[in-house]
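This report refers to the structure that appears directly beneath it.
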Amino acid sequence: MAVNPYSQFASTQLILRDQLAIDRTILANERTFLAYIRTTLAFALTGAGCIKFFQETAIHILGILLIIAGIVIVVIGIKRTITMANNIKEAGKNCVI
């Protein structure tokens, strides 16, 4: 498993500037998760459109693969978002405002 890039800050006392940086990182993590959701919706809707509007078997298979790819993307996005949120939370434990 990857090492927490924020572990070097766990033993130090953080100041307000550091807390604001952590807040920006939390917001960036949320934006990234929303990008994963947006990509998932695009894949799933494109796949559903392929299935609904075309009669060829190859296009139906492509639609199913796009829907499966969307599901895989959202699972990866959830996993990465939770991991990063835990890393950020650990870095912010020693913050003094």
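The chains in the structure tokens are called A, B, ... from first to last as shown; in each chain the residues are counted from 1, and the ligands are counted from 1 in the order shown.
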Identify, on the basis of only C-alpha atoms, every residue whose closest approach to region 25-41 of chain A does not exceed 7 Å; exclude the query and any residue fewer than 2 positions from it along the same chain; express the result as a PyMOL selection string. chain A and resi 21-23+43-45+70-71+73-74+77+81
Go ahead and dump the residues you just picked, C-alpha atoms, as a CSV table (one decimal), in the first residue's frame.
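New file again-v8.csv:
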chain,number,residue,atom,x,y,z
A,21,ALA,CA,-4.1,24.4,3.2
A,22,ILE,CA,-5.7,21.3,4.6
A,23,ASP,CA,-9.1,22.8,4.0
A,43,PHE,CA,-20.0,6.4,-19.5
A,44,ALA,CA,-23.3,4.9,-18.2
A,45,LEU,CA,-25.5,7.2,-20.2
A,70,GLY,CA,-18.6,3.4,-15.4
A,71,ILE,CA,-19.1,1.1,-12.4
A,73,ILE,CA,-14.6,4.1,-12.4
A,74,VAL,CA,-16.9,5.0,-9.5
A,77,GLY,CA,-13.1,7.0,-7.3
A,81,THR,CA,-11.5,9.6,-2.2
Neighbour list for region 58-64 of chain A as a count of residues only, cut-off 6 Å, only C-alpha atoms, skip fewer than 6 positions in-chain:
3
